[in-house]
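Student: Let me begin by handing over the structure; questions about it come next.
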Amino acid sequence: MSTSSEDTTSPTSPDESTETPGSEPTPETPAAAVSSPASEAFLEGQHAPRRAPLFGPGTLSVTGLLMLATTLLSTQLIGIFNTQTLIGAEGTLGPAVQGELTGAGLFSALAVLCSAAALFRSGPETSPWVRALSAATVLVGLLFVVLTVLSYVLLTAPTSAA
């Protein structure tokens, strides 16, 4: 086998390649064999696949869920509401209870806003789990906001002396 530049022998058929497995592509290798999804999309006349944005629907829905979990696990919202409705205990709105209700209402409202923003930013390419998580967080978050408002109203209502 000669290594001179005068050696111009070519493969017997146009489908054969002089490339060995694991080697770098040679100039005789077709361009389609060395391509990425973006270049394939360009060659097909399509848009390149988009990357998910940092503050996309998925991020916002998980943020809303974490805020809702914070409300559920770190406040006494359900206990305060049950004390007022089920037991019928008379109470006043002290600073500690007011702080609990304010924190629960604030985090619940923020969870609803984040998840609603995720629903509005979602599109046809958004995963179904993102939409389901956002919708569930909005519904449960609205329930917590209503519980907060009702607890606040029940605690500030004037007591009737009978």
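FYI, nothing fancy with the structure tokens labels: chains A, B, ... in order, residues from 1 per chain, ligands from 1 as they appear.
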Give me the residues within 7 Å of range 62-78 of chain A as a PyMOL selection string, counting only C-alpha atoms and dropping any in the same chain fewer than 4 places off.
Tutor: chain A and resi 58+82+100-101+104+107-108+111-112+114-115+137+141+148
Student: Kindly save the residues from that selection, with N, CA and C atoms included, as a tab-separated table (two decimals), in the first residue's frame.
Tutor:
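Here's the written file out-v7.tsv:
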chain	number	residue	atom	x	y	z
A	58	GLY	N	-42.52	24.38	35.36
A	58	GLY	CA	-42.10	23.34	36.29
A	58	GLY	C	-41.52	23.91	37.58
A	82	ASN	N	-59.95	24.43	63.78
A	82	ASN	CA	-60.73	23.41	64.47
A	82	ASN	C	-61.13	23.85	65.87
A	100	GLU	N	-49.36	33.43	63.52
A	100	GLU	CA	-49.59	32.14	62.86
A	100	GLU	C	-50.53	32.31	61.66
A	101	LEU	N	-51.62	33.03	61.87
A	101	LEU	CA	-52.59	33.23	60.79
A	101	LEU	C	-52.01	34.07	59.66
A	104	ALA	N	-49.52	31.83	57.74
A	104	ALA	CA	-50.23	30.81	56.95
A	104	ALA	C	-50.91	31.43	55.74
A	107	PHE	N	-48.10	32.57	53.06
A	107	PHE	CA	-47.50	31.47	52.30
A	107	PHE	C	-48.52	30.78	51.41
A	108	SER	N	-49.77	30.69	51.87
A	108	SER	CA	-50.82	30.08	51.04
A	108	SER	C	-51.08	30.94	49.81
A	111	ALA	N	-48.23	30.57	47.40
A	111	ALA	CA	-48.30	29.27	46.72
A	111	ALA	C	-49.32	29.32	45.59
A	112	VAL	N	-50.47	29.96	45.84
A	112	VAL	CA	-51.50	30.09	44.81
A	112	VAL	C	-50.98	30.94	43.65
A	114	CYS	N	-47.81	31.47	42.67
A	114	CYS	CA	-46.77	30.74	41.91
A	114	CYS	C	-47.38	29.67	41.03
A	115	SER	N	-48.32	28.92	41.58
A	115	SER	CA	-48.92	27.85	40.80
A	115	SER	C	-49.83	28.39	39.70
A	137	THR	N	-52.16	22.49	43.57
A	137	THR	CA	-51.63	23.48	44.51
A	137	THR	C	-52.52	24.70	44.58
A	141	GLY	N	-54.26	25.53	48.01
A	141	GLY	CA	-53.84	26.83	48.50
A	141	GLY	C	-55.02	27.77	48.73
A	148	THR	N	-57.72	30.52	56.59
A	148	THR	CA	-57.05	31.60	57.30
A	148	THR	C	-58.01	32.77	57.52
Student: Would you list the contacts of Ala109 in chain A as a PyMOL selection string, taking every protein, DNA or RNA residue within 8 Å and counting only C-alpha atoms, but skipping same-chain residues closer than 3 positions in sequence?
Tutor: chain A and resi 105-106+112-113+141-142+145
Student: Of the candidates A:His47, A:Tyr152, A:Phe55, A:Ala135, which one gets nearest to Gly99 in chain A if we count only C-alpha atoms?
Tutor: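 Closest residue, counting only C-alpha atoms: A:Tyr152.
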Student: Please compute the CA of Ala118 in chain A-CA of Ser134 in chain A distance, one decimal, in Å.
Tutor: 6.5 Å
